[in-house]
file input_28.txt (compact mmCIF, C-alpha atoms)
# COMPACT_ATOMS: atom_id res chain seq x y z
CA MET A 1 -123.39 53.04 -36.76
CA PRO A 2 -124.97 51.53 -39.86
CA ASP A 3 -126.56 53.93 -42.31
CA TYR A 4 -130.32 53.65 -42.73
CA GLY A 5 -130.63 55.93 -45.66
CA GLN A 6 -131.61 59.53 -46.08
CA PHE A 7 -134.61 61.53 -47.09
CA HIS A 8 -135.22 65.09 -48.15
CA VAL A 9 -137.24 67.75 -46.40
CA GLY A 10 -137.36 70.91 -48.46
CA THR A 11 -133.80 71.66 -49.47
CA SER A 12 -132.02 69.75 -46.69
CA THR A 13 -131.15 66.07 -46.45
CA LEU A 14 -131.84 64.25 -43.19
CA SER A 15 -130.50 60.89 -42.10
CA THR A 16 -132.77 58.34 -40.44
CA THR A 17 -129.83 57.41 -38.21
CA TRP A 18 -130.07 60.79 -36.43
CA PHE A 19 -133.64 60.10 -35.40
CA LEU A 20 -132.77 56.58 -34.27
CA GLY A 21 -129.87 57.96 -32.23
CA LEU A 22 -132.10 60.55 -30.57
CA GLY A 23 -134.67 57.83 -29.79
CA ALA A 24 -131.96 55.61 -28.30
CA ILE A 25 -130.62 58.43 -26.09
CA LEU A 26 -134.10 59.31 -24.79
CA PHE A 27 -134.96 55.63 -24.19
CA GLY A 28 -131.68 55.18 -22.31
CA LEU A 29 -132.38 58.24 -20.15
CA GLY A 30 -135.83 56.85 -19.33
CA ALA A 31 -134.37 53.44 -18.48
CA ILE A 32 -131.76 55.01 -16.20
CA GLY A 33 -134.51 56.98 -14.51
CA VAL A 34 -136.61 53.86 -13.88
CA VAL A 35 -133.61 52.17 -12.27
CA ILE A 36 -132.17 55.00 -10.15
CA ARG A 37 -135.24 56.98 -9.08
CA ARG A 38 -137.20 55.74 -6.09
CA ASN A 39 -140.34 57.84 -6.23
CA PRO A 40 -143.11 55.75 -7.87
CA LEU A 41 -144.57 58.81 -9.62
CA VAL A 42 -141.21 59.67 -11.22
CA ILE A 43 -140.82 56.05 -12.32
CA LEU A 44 -144.16 56.32 -14.16
CA ILE A 45 -142.97 59.54 -15.80
CA CYS A 46 -139.76 57.84 -16.94
CA ILE A 47 -141.79 55.00 -18.48
CA GLU A 48 -143.73 57.62 -20.46
CA LEU A 49 -140.39 58.99 -21.67
CA MET A 50 -139.34 55.52 -22.87
CA LEU A 51 -142.64 55.03 -24.73
CA ASN A 52 -142.16 58.38 -26.46
CA ALA A 53 -138.65 57.45 -27.55
CA ALA A 54 -139.94 54.19 -29.03
CA ASN A 55 -142.61 56.19 -30.88
CA LEU A 56 -139.94 58.40 -32.43
CA THR A 57 -138.10 55.40 -33.90
CA LEU A 58 -141.36 53.98 -35.26
CA VAL A 59 -142.23 57.23 -36.99
CA ALA A 60 -138.67 57.66 -38.30
CA PHE A 61 -138.70 54.22 -39.94
CA SER A 62 -142.18 54.91 -41.24
CA ARG A 63 -140.92 58.03 -42.98
CA GLN A 64 -137.79 56.44 -44.33
CA LEU A 65 -139.64 53.48 -45.87
CA LEU A 66 -142.63 55.66 -46.80
CA ASN A 67 -144.88 53.12 -45.15
CA LEU A 68 -147.74 54.15 -42.91
CA GLU A 69 -147.77 51.12 -40.61
CA GLY A 70 -145.17 52.67 -38.32
CA GLN A 71 -147.37 55.67 -37.70
CA LEU A 72 -150.41 53.51 -37.04
CA PHE A 73 -148.42 51.51 -34.52
CA ALA A 74 -147.22 54.74 -32.88
CA LEU A 75 -150.88 55.73 -32.53
CA MET A 76 -151.61 52.42 -30.76
CA THR A 77 -148.60 53.01 -28.49
CA MET A 78 -150.07 56.36 -27.47
CA THR A 79 -153.34 54.65 -26.54
CA VAL A 80 -151.52 52.06 -24.45
CA ALA A 81 -149.48 54.83 -22.78
CA ALA A 82 -152.63 56.74 -21.89
CA ALA A 83 -154.26 53.61 -20.42
CA GLU A 84 -151.10 52.80 -18.47
CA ALA A 85 -150.88 56.33 -17.06
CA VAL A 86 -154.54 56.31 -15.98
CA VAL A 87 -154.39 52.98 -14.14
CA GLY A 88 -150.92 53.63 -12.67
CA LEU A 89 -151.90 57.05 -11.33
CA ALA A 90 -155.16 55.69 -9.89
CA ILE A 91 -153.21 53.03 -7.98
CA LEU A 92 -150.67 55.64 -6.80
CA VAL A 93 -153.35 58.03 -5.54
CA ASP A 94 -155.03 55.17 -3.69
CA ILE A 95 -151.74 54.24 -2.02
CA PHE A 96 -150.73 57.82 -1.19
CA HIS A 97 -154.10 58.48 0.45
CA ARG A 98 -153.16 55.92 3.00
CA ARG A 99 -149.60 57.04 3.79
CA ASP A 100 -146.52 58.77 2.46
CA VAL A 101 -144.37 56.55 0.32
CA GLU A 102 -140.80 57.72 -0.07
CA ASP A 103 -139.56 54.65 -1.84
CA VAL A 104 -141.03 52.03 -4.15
CA ASP A 105 -139.34 49.37 -2.03
CA GLU A 106 -141.89 50.18 0.69
CA LEU A 107 -144.62 48.85 -1.59
CA HIS A 108 -143.37 45.29 -1.51
CA GLU A 109 -146.76 44.05 -0.28
CA LEU A 110 -148.07 44.66 -3.82
CA LYS A 111 -146.37 41.39 -4.68
CA GLY A 112 -149.43 39.75 -3.17
CA MET B 1 -133.48 74.39 -42.58
CA ALA B 2 -135.08 71.10 -41.56
CA ALA B 3 -131.69 69.80 -40.40
CA VAL B 4 -131.22 72.88 -38.19
CA ILE B 5 -134.68 72.38 -36.68
CA PHE B 6 -133.91 68.72 -36.09
CA TRP B 7 -130.69 69.45 -34.19
CA VAL B 8 -132.20 72.26 -32.12
CA MET B 9 -135.16 70.09 -31.13
CA ALA B 10 -132.89 67.10 -30.46
CA VAL B 11 -130.84 69.17 -28.01
CA VAL B 12 -134.04 70.44 -26.37
CA ALA B 13 -135.40 66.88 -26.09
CA VAL B 14 -132.19 65.49 -24.57
CA LEU B 15 -131.95 68.37 -22.07
CA GLY B 16 -135.59 67.75 -21.16
CA GLY B 17 -134.88 64.05 -20.73
CA ILE B 18 -131.99 64.82 -18.40
CA GLY B 19 -134.34 67.13 -16.51
CA VAL B 20 -136.89 64.31 -16.14
CA VAL B 21 -134.32 61.98 -14.60
CA ALA B 22 -132.33 64.49 -12.54
CA SER B 23 -135.02 66.73 -11.02
CA ARG B 24 -135.50 66.43 -7.29
CA GLN B 25 -139.12 67.59 -7.38
CA PRO B 26 -141.68 65.47 -9.28
CA ILE B 27 -143.33 68.62 -10.65
CA ARG B 28 -140.11 69.52 -12.46
CA SER B 29 -139.91 66.03 -13.91
CA VAL B 30 -143.44 66.39 -15.28
CA LEU B 31 -142.74 69.81 -16.79
CA SER B 32 -139.48 68.54 -18.34
CA LEU B 33 -141.45 65.68 -19.88
CA VAL B 34 -143.83 68.22 -21.45
CA VAL B 35 -140.77 69.89 -23.01
CA VAL B 36 -139.58 66.53 -24.38
CA MET B 37 -143.02 65.80 -25.84
CA LEU B 38 -143.29 69.16 -27.56
CA ALA B 39 -139.80 68.73 -29.03
CA LEU B 40 -140.73 65.23 -30.24
CA ALA B 41 -143.92 66.65 -31.77
CA VAL B 42 -141.76 68.96 -33.91
CA GLU B 43 -139.61 65.96 -34.88
CA PHE B 44 -142.80 64.17 -35.99
CA LEU B 45 -143.60 67.15 -38.18
CA ILE B 46 -140.15 66.94 -39.79
CA LEU B 47 -140.90 63.25 -40.45
CA SER B 48 -144.09 64.39 -42.24
CA ALA B 49 -146.38 62.78 -39.66
CA GLN B 50 -148.82 65.68 -39.42
CA PHE B 51 -151.58 63.71 -37.74
CA LEU B 52 -149.27 62.29 -35.07
CA PHE B 53 -147.91 65.79 -34.47
CA ALA B 54 -151.40 67.00 -33.59
CA VAL B 55 -152.19 63.89 -31.51
CA GLN B 56 -148.90 64.19 -29.65
CA ILE B 57 -149.69 67.76 -28.58
CA ILE B 58 -153.41 67.26 -27.87
CA VAL B 59 -153.39 63.83 -26.24
CA TYR B 60 -149.92 63.58 -24.73
CA ALA B 61 -148.82 67.10 -23.84
CA GLY B 62 -152.44 68.08 -23.27
CA ALA B 63 -154.35 65.26 -21.62
CA VAL B 64 -151.84 62.78 -20.18
CA MET B 65 -149.46 65.36 -18.77
CA VAL B 66 -152.29 67.37 -17.24
CA LEU B 67 -153.34 64.15 -15.53
CA PHE B 68 -149.81 63.79 -14.14
CA LEU B 69 -149.84 67.44 -13.02
CA PHE B 70 -153.16 66.91 -11.25
CA VAL B 71 -151.77 63.95 -9.35
CA VAL B 72 -148.60 65.86 -8.40
CA ALA B 73 -150.74 68.76 -7.18
CA LEU B 74 -153.03 66.37 -5.32
CA LEU B 75 -150.26 64.55 -3.51
CA GLY B 76 -148.27 67.69 -2.67
CA PRO B 77 -144.50 67.89 -2.36
CA MET B 78 -142.87 64.53 -1.88
CA LYS B 79 -139.64 63.59 -0.26
CA GLU B 80 -137.38 61.10 -1.90
CA ARG B 81 -134.87 59.08 -0.01
CA ARG B 82 -131.28 59.29 -1.07
CA GLN B 83 -130.22 56.83 -3.69
CA LEU B 84 -128.45 53.65 -2.81
CA ARG B 85 -124.72 53.86 -3.37
CA PHE B 86 -124.44 51.15 -6.02
CA GLN B 87 -127.49 52.25 -8.00
CA TRP B 88 -125.71 54.57 -10.43
CA GLY B 89 -123.10 51.96 -11.34
CA LEU B 90 -125.76 49.31 -11.78
CA ALA B 91 -127.91 51.60 -13.92
CA LEU B 92 -124.93 52.47 -16.11
CA LEU B 93 -124.08 48.79 -16.54
CA VAL B 94 -127.65 47.91 -17.56
CA ALA B 95 -127.76 50.84 -19.98
CA LEU B 96 -124.44 49.83 -21.56
CA VAL B 97 -125.45 46.18 -22.00
CA PHE B 98 -128.79 47.23 -23.47
CA GLY B 99 -127.09 49.70 -25.80
CA GLY B 100 -124.71 46.98 -26.96
CA PHE B 101 -127.59 44.66 -27.77
CA LEU B 102 -129.36 47.44 -29.62
CA TYR B 103 -126.27 48.30 -31.64
CA SER B 104 -125.49 44.72 -32.65
CA MET B 105 -129.14 44.17 -33.58
CA LEU B 106 -129.28 47.30 -35.72
CA GLY B 107 -126.26 46.15 -37.69
CA SER B 108 -127.43 42.61 -38.45
CA VAL B 109 -131.21 42.44 -38.70
CA PRO B 110 -132.52 42.55 -42.28
CA PHE B 111 -135.95 43.90 -43.04
CA ARG B 112 -138.19 43.63 -46.06
CA ALA B 113 -138.98 46.67 -48.16
CA PRO B 114 -142.66 47.39 -47.54
CA GLN B 115 -145.21 49.03 -49.78
CA ARG B 116 -144.70 52.73 -50.29
CA THR B 117 -147.27 55.46 -50.35
CA ALA B 118 -146.91 58.74 -52.21
CA LEU B 119 -145.31 61.48 -50.13
CA SER B 120 -148.09 63.93 -51.02
CA VAL B 121 -150.65 62.01 -48.93
CA PHE B 122 -148.22 60.44 -46.45
CA GLY B 123 -149.19 61.01 -42.81
CA THR B 124 -152.36 62.97 -43.51
CA VAL B 125 -155.60 62.30 -41.67
CA GLN B 126 -157.13 60.59 -44.72
CA ASP B 127 -154.16 58.28 -45.09
CA ILE B 128 -154.10 57.33 -41.39
CA ALA B 129 -157.87 56.82 -41.33
CA TYR B 130 -157.73 54.61 -44.40
CA GLY B 131 -155.17 52.32 -42.76
CA LEU B 132 -156.93 52.40 -39.41
CA PHE B 133 -160.40 51.52 -40.68
CA THR B 134 -159.51 48.94 -43.31
CA LYS B 135 -156.47 46.78 -42.73
CA TYR B 136 -156.06 47.56 -39.02
CA LEU B 137 -159.71 47.72 -38.01
CA TYR B 138 -159.36 44.80 -35.58
CA PRO B 139 -156.39 46.21 -33.62
CA PHE B 140 -158.15 49.57 -33.60
CA GLU B 141 -161.23 48.05 -31.98
CA LEU B 142 -159.00 46.23 -29.50
CA THR B 143 -157.47 49.54 -28.39
CA SER B 144 -160.94 50.87 -27.68
CA VAL B 145 -161.57 47.82 -25.48
CA LEU B 146 -158.25 48.56 -23.75
CA LEU B 147 -159.33 52.15 -23.06
CA LEU B 148 -162.64 50.91 -21.67
CA VAL B 149 -160.82 48.50 -19.34
CA ALA B 150 -158.50 51.32 -18.19
CA ALA B 151 -161.43 53.65 -17.53
CA ILE B 152 -163.30 50.99 -15.53
CA GLY B 153 -160.13 50.15 -13.59
CA ALA B 154 -159.49 53.81 -12.74
CA ILE B 155 -163.07 54.30 -11.56
CA TYR B 156 -162.93 51.14 -9.46
CA LEU B 157 -159.62 52.14 -7.85
CA SER B 158 -160.67 55.70 -7.06
CA ARG B 159 -164.07 54.73 -5.68
CA GLY B 160 -164.16 54.85 -1.89
CA GLY B 161 -164.86 51.71 0.10
CA HIS B 162 -163.51 49.14 -2.31
CA GLY B 163 -159.92 50.19 -3.01
CA ILE B 164 -156.66 49.09 -1.47
CA GLN B 165 -157.12 51.65 1.29
CA ALA B 166 -160.43 50.27 2.45
CA ARG B 167 -159.09 46.75 2.43
CA ARG B 168 -156.11 47.83 4.55
CA GLU B 169 -158.36 49.60 7.05
CA GLU B 170 -160.44 46.47 7.28
CA ASP B 171 -157.31 44.42 7.93
CA ASP B 172 -156.21 46.90 10.61
CA ARG B 173 -159.59 46.68 12.33
CA ARG B 174 -159.40 42.93 12.34
CA ALA B 175 -155.84 42.88 13.71
call {"tool": "encode", "arguments": {"input": "input_28.txt", "output": "structure tokens"}}
result
Amino acid sequence: MPDYGQFHVGTSTLSTTWFLGLGAILFGLGAIGVVIRRNPLVILICIELMLNAANLTLVAFSRQLLNLEGQLFALMTMTVAAAEAVVGLAILVDIFHRRDVEDVDELHELKG
Amino acid sequence: MAAVIFWVMAVVAVLGGIGVVASRQPIRSVLSLVVVMLALAVEFLILSAQFLFAVQIIVYAGAVMVLFLFVVALLGPMKERRQLRFQWGLALLVALVFGGFLYSMLGSVPFRAPQRTALSVFGTVQDIAYGLFTKYLYPFELTSVLLLVAAIGAIYLSRGGHGIQARREEDDRRA
């Protein structure tokens, strides 16, 4: 793993690579969840997990380079995540009112 | 001290992430995701992003996750069919390929050194607001348009008589 530099918090020294690694692990977990889970609600939750992991890497780089743009972009990502959750959940509730869906594959008519 | 906090919260976040993926009940997935978000909020604090720390707890752990909880409570317990046999292998393969891409990219992509701000003001509300309302005013306004579109879409979808459900019932009546 390449080294992305270190920074100091109080008396301890932290490496940016740790934060990137944590973000990568969480993103991977979310991606696995999207692929293997079949409940549409859980798939939405896993997408939220992936967005959060991406946010962590943005903020980590922002701190390491002492540049605020990463944090501003993380803020925008949160807005997009909120919008995505609202619309996705509204669609889900509308579908579930009609019938029980055990599997996203049953929703193939959404293809249009 | 900060390193200890980082590792503790990293372990909590990863365990929460595993809980999100592995839980059988959707409610447990949602609660595990709240754990992940709180752990990530602490990581933001270590990265001296005070404003994002507050936003993460208020907006994410507060508003978005409560929305998810409402929907889980509304829909009641859900069954999930057993997974297909090849799904785990396929998921692992995709994750490995993606990880390989990520790793090779991290090692080879150069990036410019951007402007630095002083650490004493870094991540404070003033600093964020200054960036948001000067250089990034246009993207900021665009996100408000995005939120408006999302709100209108949610209202349209949840209104009776015009949603997918009504259209289906109409189709059934016709058939």
call {"tool": "closest_residue", "arguments": {"input": "input_28.txt", "among": "B:Gly89, B:Gly19, B:Pro26, B:Gly76", "to": "chain A", "atoms": "only C-alpha atoms"}}
result
B:Pro26
call {"tool": "closest_residue", "arguments": {"input": "input_28.txt", "among": "B:Leu147, B:Ile46, B:Leu132, B:Leu92", "to": "Ala81 in chain A", "atoms": "all atoms listed in the file"}}
result
B:Leu147
call {"tool": "residues_around", "arguments": {"input": "input_28.txt", "residues": "range 86-93 of chain A", "least_positions_apart": "5", "cutoff": "10 Å", "atoms": "only C-alpha atoms", "output": "JSON, numbers by chain"}}
result
{"A": [40, 41, 44, 80, 81, 98, 101], "B": [64, 67, 68, 70, 71, 72, 74, 75, 147, 149, 150, 151, 152, 153, 154, 155, 156, 157, 158, 159, 163, 164]}
call {"tool": "closest_atom_pairs", "arguments": {"input": "input_28.txt", "of": "chain A", "to": "chain B", "cutoff": "6 Å", "atoms": "all atoms listed in the file", "output": "JSON lines"}}
result
{"residue": "A:Pro2", "atom": "CA", "partner": "B:Gly107", "partner_atom": "CA", "distance": 5.9}
{"residue": "A:Ile32", "atom": "CA", "partner": "B:Ala91", "partner_atom": "CA", "distance": 5.6}
{"residue": "A:Gly33", "atom": "CA", "partner": "B:Val21", "partner_atom": "CA", "distance": 5.0}
{"residue": "A:Val35", "atom": "CA", "partner": "B:Ala91", "partner_atom": "CA", "distance": 6.0}
{"residue": "A:Ile36", "atom": "CA", "partner": "B:Gln87", "partner_atom": "CA", "distance": 5.8}
{"residue": "A:Arg63", "atom": "CA", "partner": "B:Leu47", "partner_atom": "CA", "distance": 5.8}
{"residue": "A:Leu66", "atom": "CA", "partner": "B:Arg116", "partner_atom": "CA", "distance": 5.0}
{"residue": "A:Asn67", "atom": "CA", "partner": "B:Arg116", "partner_atom": "CA", "distance": 5.2}
{"residue": "A:Ala83", "atom": "CA", "partner": "B:Ala150", "partner_atom": "CA", "distance": 5.3}
{"residue": "A:Val87", "atom": "CA", "partner": "B:Ala154", "partner_atom": "CA", "distance": 5.4}
{"residue": "A:Ala90", "atom": "CA", "partner": "B:Ala154", "partner_atom": "CA", "distance": 5.5}
{"residue": "A:Glu102", "atom": "CA", "partner": "B:Glu80", "partner_atom": "CA", "distance": 5.1}
call {"tool": "atom_distance", "arguments": {"input": "input_28.txt", "atom1": "CA of Gln71 in chain A", "atom2": "CA of Asn52 in chain A"}}
result
12.7 Å
